[in-house]
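**Q** Have a look at this one.
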Amino acid sequence: MSEQSAHDKYEFKKKLESLREKKGRGTELISLYIPPDKQISDVTSQLREEHSQASNIKSKVTRTNVQGAIDSLLSRLRYAEVPENGIVYFTGAVDVGADKTNMETTIIVPPQPITIYKYHCDSSFFLEPLEEMLKDSKTYGLLVLDRREATVGLLVGKHIEPYRHLTSTVPGKQRKGGQSAHRFQQLRLIAIHDFYKRIGDAASEVFLTVDHKDFEGVLIGGPSPTKEEFESGGFLHHELQKKILGLFDVAYTDESGLSELVNAASERLADLDLMVEKKLMQEFFKELVSDSGKVAYGVDAVHQNLLIGAVDILLISEDLRLEKFRIRCVSCGDETEIIKDIKPSTEGIQLGNCTKCGSPLEITERVDVVDELSALSDQMGSTVSFISTDFEEGAQLMNAFGGIVAILRYNTGI
């Protein structure tokens, strides 16, 4: 998905979220994946055959809805051309509640080429091939250790996943009575070697499960000389030993040490999306604590700063789903504006009644806040970056700052 802009990726993810929430009452939702090398004439031939077979469906409602969805597809394909990455159609009678359905169609041109041709009819849409395109498959092996404990994990895309935690039986440096110093030291070295071997076996077991095409290498963290002893001892599988990218000083060797290791290896991982996003969030926090006035957060403050061209970098959480509604009273015409967090599963907006005359309210305008701010950023020459919630600073952006912040070119006082 390297060709996509950050906003395109955001919109693609949002579309899939919406499709995931849609359900049919029976096997009435059709997913049609057409790869770039598939002839449209072959597709329409199969659809006509499916239309004929659908006449055998016992339920009249299901039969009508399935055949209606196929008719809709056939009419769309009559003049269709398949893009270079292929095309996907999602069509069917979607349950909208209150014993009602709506015939809906969503068309997606995927960010990566489709490799399969598939006609799928079910009570939900078939999304797995597109969801795979969202995943960042680039993976690093993470290992933090000292002589007391070790933790093994993976960095998959922007997410750190802990897998194994080991503790040792290595005795302390003070020997017990009755043992010679030499004998005690020998037993201690044997225990250390055995622990390193256990660590190597556990790490190799985890790392070798990753597809070799996605596995970028191994990062090892810990105090000196532990990590150097482990690396030089060749305790990892020989294929993994060749993929060690570096040794890094970290203070913790439990699960929190994995995050510390990723931060310590930031220069080695500089091109990784995770590190780029971390750096942007750290820049925001630096300006925030310095009290320079060169930050803004919240929709209103960011919007005002965008309007005057003061925003250098706009940071938006990937999980943000905000919409702005223009509301008007049907009787007195009083207008107001509200912003709501809208998830795909959100039911109809409860408008209530006019505060002035008590009459019903109606929506006159509905705008996606992220789309609006992104378009304004483009006009004003501001950079837009979408931030994952898979790491601590990214989660803070969403939970503590409402999902929208800006680094400003100068202090505007807004």
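Going by the structure tokens order, chains are called A, B, ..., each with residues numbered from 1, while ligands are numbered from 1 in the order shown.
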Sorted by chain and rising residue number, which residues of segment 375-394 of chain A lie within 7 Å of segment 312-336 of chain A, and what are their closest atom pairs and distances in Å to one decimal, counting only C-alpha atoms, as JSON lines?
**A**
{"residue": "A:Ser382", "atom": "CA", "partner": "A:Asp312", "partner_atom": "CA", "distance": 5.1}
{"residue": "A:Thr383", "atom": "CA", "partner": "A:Ile313", "partner_atom": "CA", "distance": 4.7}
{"residue": "A:Val384", "atom": "CA", "partner": "A:Leu314", "partner_atom": "CA", "distance": 4.8}
{"residue": "A:Ser385", "atom": "CA", "partner": "A:Leu315", "partner_atom": "CA", "distance": 5.1}
{"residue": "A:Phe386", "atom": "CA", "partner": "A:Ile316", "partner_atom": "CA", "distance": 4.8}
{"residue": "A:Ile387", "atom": "CA", "partner": "A:Ser317", "partner_atom": "CA", "distance": 4.7}
{"residue": "A:Ser388", "atom": "CA", "partner": "A:Glu318", "partner_atom": "CA", "distance": 5.4}
**Q** Could you name the residues that touch Arg164 of chain A at 10 Å or less, counting only C-alpha atoms, but leaving out those on the same chain fewer than 5 positions away, as number ranges by chain?
**A** A: 143, 150-153, 199, 202-203, 206, 254-255
**Q** Could you give me, as an MDAnalysis selection string, the residues within 9 Å of Lys242 of chain A, counting only C-alpha atoms and dropping anything in the same chain fewer than 4 positions from it?
**A** chainID A and resid 217 237:238
**Q** I need the residues in segment 223-346 of chain A that are helix (DSSP H, G or I) according to DSSP; give them as a PyMOL selection string.
**A** chain A and resi 226-232+238-241+255-264+273-290+299-307
**Q** Measure the distance from atom CA of Tyr119 of chain A to atom CA of Tyr10 of chain A in Å and round it to one decimal.
**A** 26.5 Å
**Q** For Asn399 of chain A, find every residue with an atom within 10 Å (counting only C-alpha atoms), except residues of its own chain fewer than 5 positions away, and show them as an MDAnalysis selection string.
**A** chainID A and resid 317 389 393:394
**Q** Determine which residues of segment 94-175 of chain A receive a DSSP assignment of strand (DSSP E), computed from the backbone, and state them as a ChimeraX atom specification.
**A** /A:94-97,100-108,118-122,139-145,149-156,159-167
**Q** How about saving the chosen residues, N, CA and C atoms kept, as a compact mmCIF listing (two decimals), in the first residue's frame?
**A**
# COMPACT_ATOMS: atom_id res chain seq x y z
N VAL A 94 -29.32 -5.35 2.93
CA VAL A 94 -28.74 -5.18 4.27
C VAL A 94 -29.84 -4.92 5.28
N ASP A 95 -29.81 -5.64 6.38
CA ASP A 95 -30.78 -5.48 7.45
C ASP A 95 -30.56 -4.13 8.13
N VAL A 96 -31.58 -3.26 8.13
CA VAL A 96 -31.46 -1.94 8.75
C VAL A 96 -32.34 -1.82 9.99
N GLY A 97 -32.87 -2.94 10.45
CA GLY A 97 -33.71 -2.94 11.65
C GLY A 97 -35.16 -2.66 11.34
N LYS A 100 -36.86 -4.21 8.29
CA LYS A 100 -36.66 -3.62 6.96
C LYS A 100 -35.26 -3.93 6.45
N THR A 101 -35.12 -3.95 5.13
CA THR A 101 -33.81 -4.10 4.49
C THR A 101 -33.64 -3.04 3.41
N ASN A 102 -32.39 -2.72 3.12
CA ASN A 102 -32.06 -1.80 2.02
C ASN A 102 -31.13 -2.52 1.06
N MET A 103 -31.39 -2.42 -0.24
CA MET A 103 -30.47 -2.96 -1.22
C MET A 103 -29.31 -1.97 -1.37
N GLU A 104 -28.11 -2.41 -0.99
CA GLU A 104 -26.94 -1.53 -0.99
C GLU A 104 -25.82 -2.13 -1.82
N THR A 105 -25.04 -1.24 -2.44
CA THR A 105 -23.87 -1.67 -3.20
C THR A 105 -22.67 -0.79 -2.85
N THR A 106 -21.56 -1.44 -2.54
CA THR A 106 -20.30 -0.74 -2.30
C THR A 106 -19.27 -1.29 -3.27
N ILE A 107 -18.56 -0.40 -3.95
CA ILE A 107 -17.54 -0.81 -4.92
C ILE A 107 -16.18 -0.35 -4.41
N ILE A 108 -15.23 -1.26 -4.36
CA ILE A 108 -13.89 -0.93 -3.88
C ILE A 108 -12.84 -1.31 -4.92
N LYS A 118 -13.55 -14.55 -7.01
CA LYS A 118 -14.43 -15.19 -6.03
C LYS A 118 -15.82 -14.59 -6.06
N TYR A 119 -16.82 -15.49 -6.12
CA TYR A 119 -18.22 -15.12 -5.92
C TYR A 119 -18.63 -15.75 -4.60
N HIS A 120 -19.08 -14.92 -3.65
CA HIS A 120 -19.37 -15.42 -2.31
C HIS A 120 -20.72 -14.87 -1.86
N CYS A 121 -21.63 -15.77 -1.44
CA CYS A 121 -22.96 -15.37 -0.99
C CYS A 121 -23.15 -15.86 0.43
N ASP A 122 -23.44 -14.91 1.35
CA ASP A 122 -23.54 -15.27 2.77
C ASP A 122 -24.35 -14.20 3.50
N THR A 139 8.06 -7.77 10.11
CA THR A 139 8.16 -8.29 11.48
C THR A 139 9.61 -8.35 11.96
N TYR A 140 9.81 -7.96 13.23
CA TYR A 140 11.11 -8.03 13.88
C TYR A 140 11.01 -8.91 15.13
N GLY A 141 12.02 -9.74 15.35
CA GLY A 141 12.10 -10.51 16.58
C GLY A 141 12.68 -9.64 17.69
N LEU A 142 12.06 -9.68 18.87
CA LEU A 142 12.49 -8.89 20.02
C LEU A 142 12.89 -9.82 21.16
N LEU A 143 14.04 -9.56 21.76
CA LEU A 143 14.50 -10.36 22.89
C LEU A 143 15.21 -9.46 23.89
N VAL A 144 14.72 -9.45 25.13
CA VAL A 144 15.40 -8.74 26.21
C VAL A 144 15.76 -9.75 27.30
N LEU A 145 16.97 -9.64 27.83
CA LEU A 145 17.41 -10.65 28.79
C LEU A 145 18.47 -10.11 29.74
N GLU A 149 16.01 -13.07 34.12
CA GLU A 149 14.80 -13.31 33.35
C GLU A 149 15.01 -12.90 31.90
N ALA A 150 14.05 -13.30 31.06
CA ALA A 150 14.10 -12.94 29.64
C ALA A 150 12.68 -12.88 29.11
N THR A 151 12.46 -12.02 28.13
CA THR A 151 11.15 -11.91 27.49
C THR A 151 11.34 -11.93 25.98
N VAL A 152 10.51 -12.71 25.30
CA VAL A 152 10.57 -12.86 23.85
C VAL A 152 9.29 -12.29 23.25
N GLY A 153 9.43 -11.50 22.19
CA GLY A 153 8.24 -10.94 21.54
C GLY A 153 8.50 -10.65 20.08
N LEU A 154 7.49 -10.11 19.42
CA LEU A 154 7.58 -9.73 18.01
C LEU A 154 7.08 -8.30 17.85
N LEU A 155 7.72 -7.56 16.98
CA LEU A 155 7.21 -6.27 16.52
C LEU A 155 6.61 -6.52 15.15
N VAL A 156 5.27 -6.52 15.07
CA VAL A 156 4.56 -6.77 13.82
C VAL A 156 3.93 -5.47 13.37
N HIS A 159 2.75 -2.96 16.11
CA HIS A 159 2.27 -3.58 17.34
C HIS A 159 3.30 -4.52 17.94
N ILE A 160 3.57 -4.34 19.24
CA ILE A 160 4.48 -5.23 19.96
C ILE A 160 3.68 -6.36 20.61
N GLU A 161 4.04 -7.59 20.31
CA GLU A 161 3.33 -8.75 20.84
C GLU A 161 4.27 -9.59 21.69
N PRO A 162 4.11 -9.62 23.03
CA PRO A 162 4.93 -10.49 23.87
C PRO A 162 4.50 -11.95 23.72
N TYR A 163 5.45 -12.87 23.73
CA TYR A 163 5.13 -14.29 23.55
C TYR A 163 5.59 -15.17 24.71
N ARG A 164 6.83 -15.01 25.16
CA ARG A 164 7.35 -15.90 26.19
C ARG A 164 8.09 -15.09 27.27
N HIS A 165 7.93 -15.53 28.51
CA HIS A 165 8.69 -14.94 29.62
C HIS A 165 9.36 -16.08 30.38
N LEU A 166 10.66 -15.98 30.60
CA LEU A 166 11.42 -17.04 31.27
C LEU A 166 12.14 -16.47 32.48
N THR A 167 12.25 -17.29 33.53
CA THR A 167 13.04 -16.91 34.71
C THR A 167 14.12 -17.97 34.94
**Q** So that each row is one residue of segment 53-154 of chain A with an atom at most 6 Å from segment 26-42 of chain A, can you give its shortest atom pair and the distance in Å to one decimal, using only C-alpha atoms, rows by chain and rising number, as CSV?
**A**
residue,atom,partner,partner_atom,distance
A:Val66,CA,A:Glu28,CA,5.2
A:Val82,CA,A:Pro36,CA,5.8
A:Glu84,CA,A:Pro36,CA,5.5
A:Asn85,CA,A:Pro36,CA,5.9
A:Gly86,CA,A:Pro35,CA,4.3
A:Ile87,CA,A:Ile34,CA,5.4
A:Val88,CA,A:Tyr33,CA,4.6
A:Tyr89,CA,A:Leu32,CA,5.1
A:Phe90,CA,A:Ser31,CA,4.7
A:Thr91,CA,A:Ile30,CA,5.2
A:Gly92,CA,A:Leu29,CA,4.4
A:Ile114,CA,A:Pro35,CA,5.0
A:Thr115,CA,A:Pro35,CA,5.9
A:Tyr117,CA,A:Ile34,CA,5.2
A:Lys118,CA,A:Tyr33,CA,5.0
A:Tyr119,CA,A:Leu32,CA,4.7
A:His120,CA,A:Ser31,CA,5.1
A:Cys121,CA,A:Ile30,CA,4.5
A:Asp122,CA,A:Thr27,CA,3.9
A:Ser123,CA,A:Thr27,CA,4.4
A:Ser124,CA,A:Leu29,CA,6.0
A:Phe125,CA,A:Ser31,CA,5.8
A:Phe126,CA,A:Ser31,CA,5.9
**Q** For Leu306 of chain A, find every residue with an atom within 8 Å (counting only C-alpha atoms), except residues of its own chain fewer than 5 positions away, and show them as an mmCIF file with N, CA, C and O atoms, in the first residue's frame.
**A**
data_model
loop_
_atom_site.group_PDB
_atom_site.id
_atom_site.type_symbol
_atom_site.label_atom_id
_atom_site.label_comp_id
_atom_site.auth_asym_id
_atom_site.auth_seq_id
_atom_site.Cartn_x
_atom_site.Cartn_y
_atom_site.Cartn_z
ATOM 1 N N VAL A 311 -0.856 25.762 10.738
ATOM 2 C CA VAL A 311 -0.553 24.365 11.065
ATOM 3 C C VAL A 311 0.586 23.840 10.191
ATOM 4 O O VAL A 311 0.515 23.882 8.959
ATOM 5 N N LEU A 373 -10.899 18.407 7.559
ATOM 6 C CA LEU A 373 -9.609 18.911 8.023
ATOM 7 C C LEU A 373 -8.480 18.519 7.076
ATOM 8 O O LEU A 373 -7.538 19.287 6.861
ATOM 9 N N LEU A 376 -8.627 20.818 4.061
ATOM 10 C CA LEU A 376 -8.150 22.152 4.447
ATOM 11 C C LEU A 376 -6.626 22.151 4.593
ATOM 12 O O LEU A 376 -5.956 23.113 4.214
ATOM 13 N N SER A 377 -6.070 21.061 5.112
ATOM 14 C CA SER A 377 -4.612 20.940 5.245
ATOM 15 C C SER A 377 -3.935 20.978 3.884
ATOM 16 O O SER A 377 -2.895 21.620 3.706
ATOM 17 N N MET A 380 -3.781 24.472 2.594
ATOM 18 C CA MET A 380 -2.889 25.362 3.336
ATOM 19 C C MET A 380 -1.439 24.869 3.376
ATOM 20 O O MET A 380 -0.593 25.470 4.043
#
**Q** Considering only C-alpha atoms, return as a list in words whatever protein or nucleic-acid residues lie within 10 Å of Phe401 of chain A, sequence-local ones (same chain, fewer than 6 positions apart) excluded.
**A**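 Contacts, in chain order: Ala296, Tyr297, Gly298, Val299, Ser317 and Ala395 of chain A.
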**Q** Using Å and a single decimal, report how far atom CA of Ala93 of chain A sits from atom CA of Leu127 of chain A.
**A**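 A separation of 17.0 Å between them.
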**Q** Which residue gives the smallest distance to Asp341 of chain A among A:Ile363, A:Met275, A:Ala6, A:Val370, with only C-alpha atoms counted?
**A**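 Under the stated criterion, the closest residue is A:Val370.
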